[in-house]
Amino acid sequence: MDMAIIPWQMVLLCGLSVCVGWGIRGNFGHEYGAAIAGALGAMAIVLLSGREDWWRHVHYFAMFGAIGWSFGGSMSYMMVVGYSHSSQSLTVFYGFANLFAIGFLWAALGGAGTALPAFLTHTQLSLFFAPIAAVFIGWSLQAVIIDRVLAPKRMQRHESPLYWYDTDWVAALVAIVAALIVALFRGGLDMGTNLVLYMGIGWFGGFLLLVNVCRLRMTPPRGDNWAGCVGMVIGILGYCSRYELSGVAFATLMTGFGGGVAFSFGQLLKLIFIWIGNRTNLHTNWHSVMEQTQGFLFGLGIAIPFGLLLNRAPLLETNPNLPQWTEIFAVFTVLILLTYVNYRKAAGTWVDLVEGLPERFFGLPVVGWFRHSRGWIGWFELFYIGLGIACVWLLSVHFREPLAFIPTSWLGKGQLLFFVFIWWVVIFNFERALVGFSPHRLTTEGVITLNAIICTVLMALGPLAVPKQTGSLFTFNEWVWQTLIWGIVVLVGTTVVFWGIKHLLYGKEHAGGAALHIRFGADSNAPKAKPKAGEQHP
């Protein structure tokens with residue numbers, strides 16, 4: 001593995017882009033927030049890859065990268081962070097080990113999604129869009145129906161009849177059903193529907209075996225989606241084996257192990273900063289510092305594997321015969337769908353914190369989330385529907401007669417997509433924070449804005465310095481096994497070292513900045529059962 005060939009500009013842009021996205025993810029949370037970082041990281045890699053064939057597919061990379069990185073957002077990790085602050089030695093070790101595991105799962109799924117467009121022919125790629133659209137529709141209907149029939153309350157979700165270890169098992173089942181419906185219409189299974197099935201069935205396999213049979217629970221009573229993510233990673237690796245996608249398998253594992261280091265090391269840095277702050281009376285939002293550090297390291301962790309792929313991934317068709325609706329669908333998913341599902345949370349914050357903004361005016365709510373419980377369609381939705389129509393309309397016209405404001409080159413198109421997307425999410429993140437701003441917000445919104453400025457400059461000037469690259473045929477099977485073996489060594493080594501540094505700094509004391517959590521021993525305060533009816537879910 002020759003690291004010297006990797007363009008430092010690509011690595012830096014990817015690191016800062018994911019840092020921006022990860023900082024914003026911390027304010028919006030869960031799958032939708034994580035998808036922002038995935039889209040930015042994927043576009044950063046493509047734009048500074050020197051691969052003209054990748055430039056042609058930049059919007060596909062962005063969409064698949066967003067989807068891949070989103071899955072990790074389902075995992076609960078704050079209690080694991082708390083374990084690494086603990087005064088109990090075994091709990092600290094357990095915390096760092098599980099931080100590595102969560103980071104691995106999150107980044108492995110993100111790496112797999114980002115890598116797929118680099119290893120698929122246009123015929124294969126075209127098979128994925130109908131299943132993805134079907135899954136999106138299924139999840140949307142799921143949210144609407146559950147909201148209408150069960151009217152669940154988030155903090156009392158354990159009272160729902162669908163509650164099963166606080167996991168997303170319904171979403172996994174809906175994805176499987178959606179893929180089978182597409183397969184029924186197509187007359188059989190194919191690469192597109194099979195990917196959903198491998199991941200969906202893998203999710204249930206991991207969850208049923210690890211949680212229900214082996215009784216392994218990472219942070220009870222918090223959710224155990226981590227087990228489903230284990231199954232999805234195994235499902236993806238099985239999928240790669242079946243379809244001889246060794247390059248995707250390599251990207252999955254190497255990005256995963258890099259993500260494990262990023263997630264656990266970011267938390268270690270937080271503990272170091274807290275220790276220094278206690279002695280220098282320097283206090284700030286260290287949790288946000290941790291998140292943005294993790295994001296930067298996540299970006300490095302995905303850029304380096306893709307740097308190794310630059311001259312080894314196959315040459316893609318620069319004039320693919322893909323249906324026009326797939327081009328529009330990819331751009332719409334990134335610019336409209338992804339921004340809406342995050343931005344609507346900002347509108348809810350405005351209603352809560354701005355005294356002069358009523359919850360409803362002229363008969364409509366400010367934001368309705370397309371949910372019965374919130375009023376279906378609000379003013380926010382009306383404006384976003386307008387944006388969506390404009391996006392589809394303009395792109396449709398552009399395919400017939402190129403519009404002047406859209407660049408003619410695919411590099412230019414990709415740069416425009418990156419520029420619009422990064423500043424769109426930076427601005428709406430700032431708007432959400434503005435109504436409750438405090439000096440500590442400079443640690444988040446201020447740093448995010450500065451990093452976005454640097455990203456803009458790197459995005460524009462970087463392609464001038466990065467040499468052109470081309471594809472080739474390469475078998476990654478040996479790399480896959482080497483990555484797996486060395487990754488396990490890194491898992492064990494970093495966990496021991498980080499555990500030792502924590503005890504070197506704090507001894508047997510509890511580190512500040514998090515509640516005291518003790519997982520093991522006589523003083524364990526870990527809950528043993530789900531909350532009772534009427535109580536709030538932690």
# chains A, B, ... in the order shown; residues from 1 in each chain; ligands from 1
$ residues_around --residues "range 47-53 of chain A" --least-positions-apart "5" --cutoff "7 Å" --atoms "only C-alpha atoms" --output "NGL selection string"
:A and (9-10 or 310 or 315-318 or 411 or 414 or 462-463 or 466-470)
$ residues_around --residues "Val426 in chain A" --least-positions-apart "5" --cutoff "8 Å" --atoms "only C-alpha atoms" --output "list in words"
Val20, Ile24, Ile448, Thr449 and Ala452 of chain A
$ closest_atom_pairs --of "range 49-162 of chain A" --to "range 209-221 of chain A" --cutoff "9 Å" --atoms "only C-alpha atoms" --output "tab-separated table"
residue	atom	partner	partner_atom	distance
A:Ser76	CA	A:Thr219	CA	7.9
A:Tyr77	CA	A:Thr219	CA	8.1
A:Met79	CA	A:Thr219	CA	6.5
A:Val80	CA	A:Thr219	CA	7.0
A:Asn98	CA	A:Met218	CA	7.8
$ residues_around --residues "Ser264 in chain A" --least-positions-apart "6" --cutoff "12 Å" --atoms "only C-alpha atoms" --output "VMD selection string"
chain A and resid 77 80 to 81 83 to 84 92 to 104 257 to 258 270 to 271 290 to 291 293 to 295 297 to 298 490 to 499 502
$ select_by_dssp --residues "range 367-500 of chain A" --states "helix (DSSP H, G or I)" --output "PyMOL selection string"
chain A and resi 372-374+379-400+410-434+439-443+445-465+477-500
$ residues_around --residues "Glu445 in chain A" --least-positions-apart "5" --cutoff "10 Å" --atoms "only C-alpha atoms" --output "PyMOL selection string"
chain A and resi 20+23-24+27+288+426-427+429-431+433-434+437+440+450-451
$ write_last_selection --atoms "C-alpha atoms" --output "PDB file, in the first residue's frame"
ATOM      1  CA  VAL A  20     -18.116  20.398   9.145  1.00  0.00           C
ATOM      2  CA  GLY A  23     -20.310  19.239  13.820  1.00  0.00           C
ATOM      3  CA  ILE A  24     -23.679  19.941  12.204  1.00  0.00           C
ATOM      4  CA  ASN A  27     -26.812  19.651  16.430  1.00  0.00           C
ATOM      5  CA  SER A 288     -18.459  19.767  20.541  1.00  0.00           C
ATOM      6  CA  VAL A 426     -23.834  25.660   7.371  1.00  0.00           C
ATOM      7  CA  ILE A 427     -26.384  28.473   7.126  1.00  0.00           C
ATOM      8  CA  ASN A 429     -27.236  25.101  11.224  1.00  0.00           C
ATOM      9  CA  PHE A 430     -26.335  28.672  12.214  1.00  0.00           C
ATOM     10  CA  GLU A 431     -29.963  29.759  11.949  1.00  0.00           C
ATOM     11  CA  ALA A 433     -28.358  28.042  16.890  1.00  0.00           C
ATOM     12  CA  LEU A 434     -28.851  31.805  16.509  1.00  0.00           C
ATOM     13  CA  PHE A 437     -26.850  31.751  20.912  1.00  0.00           C
ATOM     14  CA  HIS A 440     -19.808  28.764  23.738  1.00  0.00           C
ATOM     15  CA  LEU A 450     -14.254  28.834   9.314  1.00  0.00           C
ATOM     16  CA  ASN A 451     -13.781  25.226   8.196  1.00  0.00           C
TER      17      ASN A 451
END
$ closest_residue --among "A:Gly205, A:Pro117, A:Gly368, A:Pro402" --to "Gly235 in chain A" --atoms "only C-alpha atoms"
A:Gly205
$ closest_residue --among "A:Leu473, A:Ala62, A:Leu208, A:Ala42" --to "Trp164 in chain A" --atoms "only C-alpha atoms"
A:Leu208
$ closest_residue --among "A:Gln415, A:Thr349, A:Gln124, A:Leu442" --to "Cys455 in chain A" --atoms "only C-alpha atoms"
A:Gln415
$ decode --residues "range 25-153 of chain A" --atoms "C-alpha atoms" --output "tab-separated table (two decimals), in the first residue's frame"
chain	number	residue	atom	x	y	z
A	25	ARG	CA	-24.72	16.33	12.81
A	26	GLY	CA	-24.15	16.93	16.52
A	27	ASN	CA	-26.81	19.65	16.43
A	28	PHE	CA	-29.39	17.67	14.43
A	29	GLY	CA	-28.54	14.09	15.34
A	30	HIS	CA	-29.36	10.58	14.26
A	31	GLU	CA	-29.36	9.18	10.72
A	32	TYR	CA	-30.34	12.37	8.92
A	33	GLY	CA	-27.58	14.41	10.53
A	34	ALA	CA	-24.91	11.79	9.83
A	35	ALA	CA	-25.92	11.71	6.17
A	36	ILE	CA	-24.78	15.34	5.81
A	37	ALA	CA	-21.22	14.38	6.71
A	38	GLY	CA	-21.38	11.40	4.35
A	39	ALA	CA	-22.43	13.49	1.36
A	40	LEU	CA	-19.75	16.13	2.01
A	41	GLY	CA	-16.99	13.55	2.47
A	42	ALA	CA	-17.90	11.69	-0.71
A	43	MET	CA	-17.95	14.86	-2.81
A	44	ALA	CA	-14.64	16.02	-1.34
A	45	ILE	CA	-12.95	12.75	-2.31
A	46	VAL	CA	-14.32	12.81	-5.85
A	47	LEU	CA	-13.54	16.46	-6.58
A	48	LEU	CA	-9.87	16.17	-5.57
A	49	SER	CA	-9.33	12.62	-6.79
A	50	GLY	CA	-7.96	13.63	-10.20
A	51	ARG	CA	-10.33	11.05	-11.68
A	52	GLU	CA	-12.40	12.59	-14.47
A	53	ASP	CA	-14.59	9.50	-14.60
A	54	TRP	CA	-15.41	9.99	-10.90
A	55	TRP	CA	-16.29	13.65	-11.54
A	56	ARG	CA	-18.97	12.43	-13.96
A	57	HIS	CA	-20.55	10.43	-11.09
A	58	VAL	CA	-20.10	12.98	-8.28
A	59	HIS	CA	-23.83	13.24	-7.49
A	60	TYR	CA	-24.08	9.46	-7.26
A	61	PHE	CA	-21.12	9.33	-4.88
A	62	ALA	CA	-22.78	12.04	-2.77
A	63	MET	CA	-26.08	10.17	-2.56
A	64	PHE	CA	-24.57	6.76	-1.79
A	65	GLY	CA	-22.12	8.31	0.66
A	66	ALA	CA	-24.98	10.03	2.49
A	67	ILE	CA	-26.98	6.80	2.69
A	68	GLY	CA	-23.99	4.74	3.85
A	69	TRP	CA	-22.98	7.13	6.63
A	70	SER	CA	-26.59	7.58	7.77
A	71	PHE	CA	-26.99	4.05	9.16
A	72	GLY	CA	-24.56	4.61	12.03
A	73	GLY	CA	-26.74	7.45	13.29
A	74	SER	CA	-29.16	4.85	14.63
A	75	MET	CA	-26.66	3.73	17.30
A	76	SER	CA	-26.77	5.07	20.85
A	77	TYR	CA	-23.32	6.11	22.07
A	78	MET	CA	-23.56	8.82	24.75
A	79	MET	CA	-23.59	6.31	27.60
A	80	VAL	CA	-20.49	4.66	26.10
A	81	VAL	CA	-18.83	8.08	26.13
A	82	GLY	CA	-19.82	8.34	29.79
A	83	TYR	CA	-18.21	4.97	30.53
A	84	SER	CA	-14.84	6.30	29.39
A	85	HIS	CA	-15.16	9.07	32.04
A	86	SER	CA	-15.88	6.55	34.78
A	87	SER	CA	-13.98	6.00	37.99
A	88	GLN	CA	-14.22	2.21	37.60
A	89	SER	CA	-11.33	0.73	35.63
A	90	LEU	CA	-13.14	-2.06	33.79
A	91	THR	CA	-15.92	0.34	32.82
A	92	VAL	CA	-13.36	2.69	31.26
A	93	PHE	CA	-11.84	-0.16	29.26
A	94	TYR	CA	-15.33	-1.25	28.19
A	95	GLY	CA	-16.12	2.31	27.15
A	96	PHE	CA	-13.10	2.71	24.88
A	97	ALA	CA	-13.57	-0.75	23.36
A	98	ASN	CA	-17.17	0.02	22.49
A	99	LEU	CA	-16.33	3.49	21.20
A	100	PHE	CA	-13.98	1.74	18.76
A	101	ALA	CA	-16.73	-0.75	17.86
A	102	ILE	CA	-19.30	2.00	17.22
A	103	GLY	CA	-16.82	4.04	15.18
A	104	PHE	CA	-15.92	0.95	13.17
A	105	LEU	CA	-19.55	0.12	12.37
A	106	TRP	CA	-20.43	3.71	11.52
A	107	ALA	CA	-17.46	4.24	9.21
A	108	ALA	CA	-17.57	0.76	7.66
A	109	LEU	CA	-21.14	1.31	6.45
A	110	GLY	CA	-20.17	4.80	5.27
A	111	GLY	CA	-17.11	3.50	3.43
A	112	ALA	CA	-19.16	0.79	1.73
A	113	GLY	CA	-21.78	3.27	0.53
A	114	THR	CA	-19.19	5.74	-0.74
A	115	ALA	CA	-17.22	3.02	-2.54
A	116	LEU	CA	-20.10	1.38	-4.41
A	117	PRO	CA	-20.30	3.89	-7.32
A	118	ALA	CA	-16.55	3.47	-7.89
A	119	PHE	CA	-16.88	-0.25	-8.66
A	120	LEU	CA	-20.18	-0.55	-10.54
A	121	THR	CA	-20.80	-0.42	-14.29
A	122	HIS	CA	-23.55	1.92	-15.43
A	123	THR	CA	-25.82	-1.10	-16.00
A	124	GLN	CA	-25.26	-2.30	-12.45
A	125	LEU	CA	-25.59	1.18	-10.97
A	126	SER	CA	-28.97	1.72	-12.65
A	127	LEU	CA	-30.37	-1.29	-10.75
A	128	PHE	CA	-30.06	0.43	-7.38
A	129	PHE	CA	-32.32	3.44	-7.79
A	130	ALA	CA	-35.73	1.77	-7.84
A	131	PRO	CA	-35.00	-0.24	-4.64
A	132	ILE	CA	-33.63	2.89	-2.93
A	133	ALA	CA	-36.70	4.90	-3.95
A	134	ALA	CA	-38.97	2.07	-2.78
A	135	VAL	CA	-37.23	1.96	0.61
A	136	PHE	CA	-37.52	5.75	0.97
A	137	ILE	CA	-41.23	5.56	0.19
A	138	GLY	CA	-41.66	2.65	2.61
A	139	TRP	CA	-39.93	4.51	5.44
A	140	SER	CA	-42.01	7.62	4.77
A	141	LEU	CA	-45.24	5.62	4.92
A	142	GLN	CA	-44.00	3.87	8.06
A	143	ALA	CA	-43.44	7.21	9.79
A	144	VAL	CA	-46.85	8.56	8.73
A	145	ILE	CA	-48.78	5.41	9.70
A	146	ILE	CA	-47.08	4.96	13.08
A	147	ASP	CA	-47.61	8.63	13.88
A	148	ARG	CA	-51.29	8.45	12.87
A	149	VAL	CA	-52.19	5.11	14.49
A	150	LEU	CA	-49.99	4.94	17.59
A	151	ALA	CA	-49.15	8.63	18.12
A	152	PRO	CA	-45.96	7.72	20.01
A	153	LYS	CA	-44.23	10.13	22.34
